[in-house]
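Trainee: My questions all concern the structure below.
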Amino acid sequence: MNTRLYLRWTWRDLRARWLQVVAIAVIIALGTGVYAGLRSVNGWQRRSYDASYALLNMYDLRVRLTEGSYVDANELRAALDELPHAEWITAAEPRLIVPTLVEANDRETPILVPGRIIGVDITGGGPAINRLHLMSGEPFSAQTDPARTAIVEYNFAAYYDLPAQGTIRLSGGHELRRIGAALMPEYFLVIANEIGFMDAAQFAVVVTPLETAQALAEQPGRVNDLLLTLADGADAGQMRAEIEQMIDAHFAGTGITIMAPADDPAHHALYSDLESDDRFFRLIAYLFLAGAAFGAFNLATRIVEAQRRQIGIGMALGMPRVQIALRPLLVGVQIALLGVVFGLLLGQMVGAAMRGLMQDLLPLPVMETPFMARVFLQAAALGVLLPIAATVYPVWRAVRVPPIDAIKSGTLIQKSSRLAALLVNIPLPGRSFTQMPLRNLLRTPRRTLLTLLGIATAITTLITLIGTLDSFLATIDTAEAEFYQNHPERMIVTLNSFYGVTSPRVIAVAERPEVGRVQSGLVLEGELRHSGETIDVALELIDLESDFWRPTVVKGTYPTGQAGILINQKAADLLGVDVGDTLTLWHPQREGLFSIHMAESEVPVSGIHASPLGYLAYMDQSQAALMGLAGVTNVLYVEPAPGATQDEVQYALFHLPGIASVQPVSHFTEVFSDAMELLTGFMAIVAVAVTAMAFLIAFNSTSINVDERAREIATLFAFGLPIRTVLRMTVIENLVVGTLGTLVGIGLGWGLLGWMMRVELGDYMPEVSFTVTLAPLTLLIAVALGALVVALTPLLSLRKLARMNLSATLRVVE
Amino acid sequence: MIELQNVSKRYIVGPVTITALDHVSLHIAEGEFVVVLGPSGSGKTTLLNIIGALDVPTEGSVRVNGVELSTTTQAERFKFRRETVSFIFQTFNLFPSLTALENVELGLDISRNGRNGRQTAASILASVGLGDRLSHLPHELSGGEQQRVAIARALATGNPILLADEPTGELDFRTGVQILELLQQQAEAGKTVLVVTHNREISRIADRVIELSSGHIVSDGAPRGGKAPVHALSW
Ligand SMILES: Nc1ncnc2c1ncn2[C@@H]1O[C@H](COP(=O)(O)OP(=O)(O)OP(=O)(O)O)[C@@H](O)[C@H]1O
Ligand SMILES: [Mg+2]
C-alpha cells in the first residue's frame, strides 16, 4: 500500500473538515482533560491523606465520655492495664477536652470565637498519638516551663494570620502563652461541633499540657477522652467490648462513645468526599465524552455518506475493503489523537490549578502530587477508543453496501427507506419553495434524525450540568428562606453548658439593652434510627407554637405539647419512614447534675419540615423531660432590640459569662453555601465548558449539513435561485430541526438531571434534600443554542456560499 | 477470454419482474475491440457490470479469464476486479480530492504493480496526452481530460480487460473520438476492450459489434459497412 499517498489523501479529508474535526477534538479534550485532571487530584488527595494520618499517628480507637462526665486519669490507665487483652494496646493517652471561648488580641480588632481546650500528655515529647505537626513556633518540649503554654490549631491561626507567638485568653479570663501553631489529624478539616456547622474562622482548638487543661477546667487529675493505638492483628471489635465492660465496671453510669478513625468527622468527611467526588467527576467527564462520541459518530456517518460514491468506485476498482475503510477511519483516529493531545494538556493544566487550590484550601503535613500515570493512561485510552469506536460502525456499514448500489446512487440520494417514501408523500401546504425545507427534512429522515440527535445531545448535556448548578443554588435559597422566615435578623446564642431557663446567666442575656426578643431552646446531638438505618442529627427542642421562629411543616402537623418529631424529607426517605410512623431516637439523657448518658426512645414522626438539611430535627420544648432536661436550655434565639445591630449584640453577649458562641442566622447559610462553594465554583466552570461544547456540537451538526448539501445548493444557484432564498430555506430547515432537537434535549436533560440529583448527589451529600430545578436563564441558553444558533449557522456559510465555485462543485461527481 | 452462457438478469420490483438480460450467450477473445450497442434500457450496463463482477447474474454462467463469476464469493470478486478488469465510467468517477497524478498512482497501488509509483503514473498520463496536467485536481480539468485520467488510471492497473460504459457520453465529438482512439490503441496493444454505447456511429470503429435489444442479442458481427478508421466517423 502506498502509505504516503494515503496520508496525503486523509490529510486533505481532514483539512476539508478541519473545523468540525477540531470542534470534536476540543470536546474530547474537555472530556479527557476533566477526567485526567480531576481524577489525578482525587488520587493526590488520597495519598496525601494516608501519608498525613500515618505521619501524625492517628488513633485506632478513641473513647469519648458523654458531655459533662469525667474520670480520674490514673484510675483509667490502671483499668486499661487490667483489660483481658491489654497487650493489644500499644499506646494509650488520656485527654481532657473542654469547651471554651478563645480570644486573641494580636490584631487591631480582637478575635473572639468559641473553641475547645485539649489537654494532652506531653511527657517524652508527646503527644505520641494524634501528634502535632508544628507549622510555626516551638513545641512544648522546647519550653523550660510548659505549664500555661498553648499551641493553637493551624487553620484558625492561618485564617487570622496570627503571628507564631503571643498570648491567648480563654473563658474565665485565663491567659496562656501561645508558643506555636500546628496541624492536628482531627482538625485537618475543621468541621462539626454540636450544631453541625463550624469552620476554621469560627472555631479555635487550643492544645495545652494535660495539667494546664485540668487546672483551667477545675477538674484536677480528671480526663474525659482517651486515645489508643492497637498492635497489628488486634481485634478492634473485641477491644471495644472489653473497654465498654471496663467502663461499666469501674466508672458506673458514665456514658461513652467509642470511635474508630472512620467515625472522626474530619476523617470521615475527607475520605467519603473522595469517593463521591470521584464518582461525580467521572460522571461529568463521561457526559462530556458521551457528547464527544456522539459528535464523532455523527461526523463519521456524514463523511461516509458523502464518500459513498467514492467508496463504490474504490470497490469497482477492486480496492480491498480494509483499504477503503481506512480512509474514513483515519479521520476518527485523527480526531482521537488531536483530542487526546489537547485533553492531556488540559488535564495537566487542571491538575496544576487544583494542586494550588488544594494546598490553600486544605493544608496537610504531607502533600503528595506525583504525575498520575494510570489516570492519564485511562483518559488517553478513553479519548482514543471512543471516537474510533464511534467511527467504526458507520464505516463498516458503508463498505458492506454492494458496490453496484454505491456507484449508482448519487451522493445524497440514499436508498430511500420506506419511511422516507411515506414521508415524501405527505401533502404539505404552500408553494414549492416554502415546502422545500420540510421536504428536504423528510426526504432524508436518517440525516435529519442524526442532526436532531446531535443537537439533542448538546442540549441534554447542557441542561443536566447547568441544571445541577441551578439546583444547588435553589437548594441554598430554600435553606436560607427556612432559616430566615420573617426574622432575618435572628441570632443563635449557644451556651457553654445547660442552664435553667430562669437562671441568672440566661436572664442576663435577656436584660441586655441590645437584645430584643429572646426564646430559649435545647440543641442536642443524637441519632435517628429505623430499620437498620441511622442518621446523625442536631436535635432542637423549641417552642413549636412560637411566632418568633419555628420550622415550617410541609406535611403532617406540629407536635405541640406532645411526643413527636419533625424531620426533613431526605431523612424520612433514608430511614424509610413517613408521617405517622414511629422511629427510634438515640439521645442524651441527664441523670443527676453531671452524668449524661445516651438513651433510646420511640418517637412518632409528626411531620416533615421544609429545610433541605437532613440533620435538622425538631421536637417540642415540652419533651425536654424525656432527656432529663426539663426547664434547662443550652441555646437562645435572640433578635436585636430596635435600633441595635447584630454586631452590637454579638459584642455585648460575648462578654457575658456562659456564652459559647453568638452567630447571626445568616452565618449558617453562609457556612452551608461555603461548603458548596467548591462545588458551585467547579460547576460554574463546567457550565462554561458545556455551553462551549453544546455550541460546538450544534454548530457541527448543522455545518456538516450545509457542507453536504453544497452540490444541491450549487444546483439551485445554477437554476438562478438567489442566495437569499437558498439561505432562507436552509435557515427554516435548521430552525425546525433545532427546535425539535432542543425540545428532545430539554426532556432528556430534565430526566437525567433528576436522576443525577437523586442518585448521584443523593450519595454525594446524603444529608441534603436537593430541590431539582432549572433556572429560566438555563432554558433560555438552551433554546438560544439549540434553536437560534442552529438556525443561524447557515449564515456563517454565507461567504462560503456566495463565493462557491459553482462550476467546480457541479463538475465533479463526488 | 470472456465466455457467457445463457446469462439472465432479472430484477423484481414489487409485482413487476424486469428482465434486463434474457438468456445471453457470447464469447469474446483476447485482444478484441468490441462495441456493445443498443437503445436505452436494453441491458448494456447490466451486461458490462456482470462481466466486471460488479453484479451477479440471476442464472447462467460467466467465465472471465478462467474465473467462473456466477459462483464467486464477495472477496473473490474484489480480487477479480483488482487483477482482471478495469472500469471506465461515463461520469469519469475520479477521486475529487486527489490530483490527476495521484488518481493514477492509486490505480497502480490497487493492483500492487507500483514500484516506482510517481514516475510510472506520470509516464502513463503522458501517454494519454496529459503530461502537463499532473497536479491538476479533477475539477480543474475538462471533461475529456478527466476521462483521459480515468483511462490512465485503468491502464495503470495493468489489467487485461478494459470495460468502458458510455465513455464518450459526456463529451463532444472531437474529444469523444480522441478517447476512442486511445481505447483502440489499447486493443491493438493486446488488451480486451469492451465499449458500451447507444451511438451506432461509434460502433463503426470496432472489430465486432454486439447489438442488444430488451435483453436479447439481436446481432453480433463486424460493423455494417466494415470497420472504419477513427477519422472517418461522423456524428
Ligand atoms: N437495480 C435495478 N432494479 C430494477 N431494475 C433495474 C435495475 N437496474 C437496471 N434495471 C432495469 O434493467 C434494464 C436494463 O438496464 P441497463 O442499465 O442495463 O440499461 P442500459 O442499456 O445500460 O441503458 P442506458 O443506455 O440508458 O444506460 C432497464 O430496464 C432498467 O430499468
Ligand atoms: Mg447504461
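Order determines the names: the first chain of the C-alpha cells is A, the second B, and so forth; residues in each chain are numbered 1 upward, and ligands are numbered 1 upward as they are shown.
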Identify, on the basis of only C-alpha atoms, every residue whose closest approach to B:Asp109 does not exceed 12 Å; exclude the query and any residue fewer than 5 positions from it along the same chain; express the result as JSON, numbers by chain.
Mentor: {"A": [1, 2, 3, 4, 5, 6, 314, 317, 318, 319, 320, 323], "B": [82, 83, 102, 103, 104, 114, 115, 116, 117, 118, 120, 121, 153, 154, 156, 157, 158]}
Trainee: Could you save the residues just selected, with N, CA, C and O atoms, as a JSON list (two decimals), in the first residue's frame?
Mentor:
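As written to disk, selection.json reads:
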[["chain", "number", "residue", "atom", "x", "y", "z"],
["A", 1, "MET", "N", 0.84, -1.20, 0.00],
["A", 1, "MET", "CA", 0.00, 0.00, 0.00],
["A", 1, "MET", "C", 0.87, 1.25, 0.00],
["A", 1, "MET", "O", 1.90, 1.29, 0.66],
["A", 2, "ASN", "N", 0.42, 2.18, -0.79],
["A", 2, "ASN", "CA", 1.16, 3.44, -0.90],
["A", 2, "ASN", "C", 0.79, 4.35, 0.27],
["A", 2, "ASN", "O", -0.15, 5.12, 0.22],
["A", 3, "THR", "N", 1.56, 4.19, 1.35],
["A", 3, "THR", "CA", 1.19, 4.86, 2.61],
["A", 3, "THR", "C", 1.20, 6.38, 2.48],
["A", 3, "THR", "O", 0.32, 7.06, 2.99],
["A", 4, "ARG", "N", 2.22, 6.85, 1.77],
["A", 4, "ARG", "CA", 2.32, 8.32, 1.67],
["A", 4, "ARG", "C", 1.13, 8.91, 0.95],
["A", 4, "ARG", "O", 0.59, 9.94, 1.33],
["A", 5, "LEU", "N", 0.70, 8.19, -0.10],
["A", 5, "LEU", "CA", -0.47, 8.65, -0.85],
["A", 5, "LEU", "C", -1.68, 8.70, 0.09],
["A", 5, "LEU", "O", -2.44, 9.67, 0.11],
["A", 6, "TYR", "N", -1.82, 7.65, 0.89],
["A", 6, "TYR", "CA", -2.95, 7.60, 1.82],
["A", 6, "TYR", "C", -2.92, 8.72, 2.84],
["A", 6, "TYR", "O", -3.93, 9.33, 3.16],
["A", 314, "GLY", "N", -14.09, 2.85, -5.46],
["A", 314, "GLY", "CA", -12.99, 2.06, -4.91],
["A", 314, "GLY", "C", -13.29, 0.58, -5.04],
["A", 314, "GLY", "O", -12.44, -0.22, -5.43],
["A", 317, "LEU", "N", -12.98, -0.59, -8.52],
["A", 317, "LEU", "CA", -11.58, -0.72, -8.90],
["A", 317, "LEU", "C", -10.93, -1.89, -8.18],
["A", 317, "LEU", "O", -9.74, -2.15, -8.37],
["A", 318, "GLY", "N", -11.68, -2.56, -7.33],
["A", 318, "GLY", "CA", -11.14, -3.73, -6.66],
["A", 318, "GLY", "C", -10.27, -3.41, -5.47],
["A", 318, "GLY", "O", -9.51, -4.25, -4.99],
["A", 319, "MET", "N", -10.39, -2.19, -4.97],
["A", 319, "MET", "CA", -9.62, -1.82, -3.78],
["A", 319, "MET", "C", -10.06, -2.71, -2.62],
["A", 319, "MET", "O", -11.26, -2.89, -2.42],
["A", 320, "PRO", "N", -9.13, -3.28, -1.85],
["A", 320, "PRO", "CA", -9.53, -4.11, -0.71],
["A", 320, "PRO", "C", -10.38, -3.28, 0.26],
["A", 320, "PRO", "O", -10.14, -2.10, 0.43],
["A", 323, "GLN", "N", -8.76, -1.30, 2.95],
["A", 323, "GLN", "CA", -8.11, -0.09, 2.47],
["A", 323, "GLN", "C", -9.15, 1.02, 2.25],
["A", 323, "GLN", "O", -8.89, 2.18, 2.53],
["B", 82, "ARG", "N", -9.67, -6.37, -8.97],
["B", 82, "ARG", "CA", -8.36, -5.79, -8.75],
["B", 82, "ARG", "C", -7.37, -6.28, -9.80],
["B", 82, "ARG", "O", -6.51, -5.55, -10.24],
["B", 83, "GLU", "N", -7.54, -7.55, -10.23],
["B", 83, "GLU", "CA", -6.49, -8.15, -11.06],
["B", 83, "GLU", "C", -6.86, -8.35, -12.53],
["B", 83, "GLU", "O", -5.98, -8.55, -13.35],
["B", 102, "GLU", "N", -2.18, 11.56, -8.74],
["B", 102, "GLU", "CA", -2.49, 10.70, -7.59],
["B", 102, "GLU", "C", -3.59, 9.70, -7.92],
["B", 102, "GLU", "O", -3.58, 8.56, -7.44],
["B", 103, "ASN", "N", -4.58, 10.12, -8.73],
["B", 103, "ASN", "CA", -5.62, 9.18, -9.15],
["B", 103, "ASN", "C", -5.00, 7.99, -9.87],
["B", 103, "ASN", "O", -5.41, 6.85, -9.67],
["B", 104, "VAL", "N", -3.99, 8.28, -10.69],
["B", 104, "VAL", "CA", -3.34, 7.21, -11.44],
["B", 104, "VAL", "C", -2.45, 6.37, -10.51],
["B", 104, "VAL", "O", -2.43, 5.14, -10.59],
["B", 114, "GLY", "N", 3.01, -1.00, -8.49],
["B", 114, "GLY", "CA", 3.59, 0.35, -8.45],
["B", 114, "GLY", "C", 4.86, 0.41, -7.65],
["B", 114, "GLY", "O", 4.88, 0.88, -6.52],
["B", 115, "ARG", "N", 5.98, -0.08, -8.21],
["B", 115, "ARG", "CA", 7.26, 0.12, -7.53],
["B", 115, "ARG", "C", 7.56, 1.62, -7.52],
["B", 115, "ARG", "O", 7.64, 2.28, -6.52],
["B", 116, "ASN", "N", 7.68, 2.13, -8.74],
["B", 116, "ASN", "CA", 8.10, 3.50, -8.94],
["B", 116, "ASN", "C", 6.88, 4.36, -9.21],
["B", 116, "ASN", "O", 6.79, 5.03, -10.21],
["B", 117, "GLY", "N", 5.92, 4.30, -8.27],
["B", 117, "GLY", "CA", 4.59, 4.86, -8.48],
["B", 117, "GLY", "C", 4.51, 6.16, -9.23],
["B", 117, "GLY", "O", 3.89, 6.23, -10.29],
["B", 118, "ARG", "N", 5.20, 7.18, -8.73],
["B", 118, "ARG", "CA", 5.02, 8.51, -9.30],
["B", 118, "ARG", "C", 5.48, 8.56, -10.76],
["B", 118, "ARG", "O", 4.76, 9.07, -11.61],
["B", 120, "THR", "N", 5.98, 6.08, -12.92],
["B", 120, "THR", "CA", 5.14, 5.26, -13.80],
["B", 120, "THR", "C", 3.85, 6.00, -14.10],
["B", 120, "THR", "O", 3.43, 6.09, -15.26],
["B", 121, "ALA", "N", 3.21, 6.53, -13.05],
["B", 121, "ALA", "CA", 1.95, 7.23, -13.22],
["B", 121, "ALA", "C", 2.13, 8.41, -14.17],
["B", 121, "ALA", "O", 1.31, 8.64, -15.06],
["B", 153, "ARG", "N", -5.86, 5.78, -15.32],
["B", 153, "ARG", "CA", -5.99, 5.02, -14.06],
["B", 153, "ARG", "C", -6.27, 3.54, -14.35],
["B", 153, "ARG", "O", -5.71, 2.65, -13.71],
["B", 154, "ALA", "N", -7.16, 3.31, -15.36],
["B", 154, "ALA", "CA", -7.49, 1.93, -15.72],
["B", 154, "ALA", "C", -6.26, 1.22, -16.28],
["B", 154, "ALA", "O", -6.00, 0.06, -15.97],
["B", 156, "ALA", "N", -3.20, 1.92, -15.59],
["B", 156, "ALA", "CA", -2.19, 1.77, -14.54],
["B", 156, "ALA", "C", -2.33, 0.43, -13.82],
["B", 156, "ALA", "O", -1.35, -0.13, -13.34],
["B", 157, "THR", "N", -3.55, -0.07, -13.78],
["B", 157, "THR", "CA", -3.74, -1.34, -13.08],
["B", 157, "THR", "C", -3.09, -2.49, -13.83],
["B", 157, "THR", "O", -2.85, -3.54, -13.26],
["B", 158, "GLY", "N", -2.85, -2.26, -15.13],
["B", 158, "GLY", "CA", -2.22, -3.32, -15.92],
["B", 158, "GLY", "C", -3.14, -4.50, -16.17],
["B", 158, "GLY", "O", -2.71, -5.56, -16.62]]
Trainee: Return as a VMD selection string every polymer residue, whether protein, DNA or RNA, with at least one atom no more than 9 Å from an atom of ligand 1; count only C-alpha atoms and all ligand atoms.
Mentor: (chain A and resid 404 to 405 408) or (chain B and resid 9 to 13 17 to 21 37 to 49 165 to 166 196 to 198 212 to 215)
Trainee: Up to 6 Å from chain A, what residues of chain B turn up? Count only C-alpha atoms and give them as a PyMOL selection string.
Mentor: chain B and resi 54+78+81-82+110+139
Trainee: I need the residue nearest ligand 2 from this list: B:Ile202, B:Val230, B:Val149, B:Val36. Use only C-alpha atoms and all ligand atoms for the distance.
Mentor: B:Val36
Trainee: Neighbouring residues of B:Leu171 were defined as those with any atom within 12 Å, considering only C-alpha atoms; residues of the same chain fewer than 2 positions away were excluded. Please report them as JSON, numbers by chain.
Mentor: {"B": [90, 91, 92, 142, 143, 144, 145, 146, 147, 148, 166, 167, 168, 169, 173, 174, 175, 176, 177, 178, 179, 180]}
Trainee: Would you please extract all strand (DSSP E) residues from stretch 211-408 of chain A, as assigned by DSSP on the backbone, and give them as a PyMOL selection string?
Mentor: chain A and resi 222-223+225-230+256-259
Trainee: Would you output that residue set with C-alpha atoms, as a CSV table (one decimal), in the first residue's frame?
Mentor:
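Final output, saved to again11.csv:
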chain,number,residue,atom,x,y,z
A,222,ARG,CA,-9.5,14.1,85.6
A,223,VAL,CA,-10.0,13.4,81.9
A,225,ASP,CA,-11.2,11.4,76.4
A,226,LEU,CA,-8.9,8.5,75.6
A,227,LEU,CA,-6.8,7.7,72.5
A,228,LEU,CA,-5.5,4.3,71.8
A,229,THR,CA,-3.3,2.7,69.2
A,230,LEU,CA,-3.5,-1.0,68.7
A,256,ILE,CA,-19.1,6.6,76.4
A,257,THR,CA,-18.8,6.7,72.7
A,258,ILE,CA,-16.1,4.6,71.1
A,259,MET,CA,-14.8,5.9,67.7
Trainee: One decimal, in Å: what's the spacing between atom CA of A:Ala204 and atom CA of A:Ile476?
Mentor: 26.4 Å
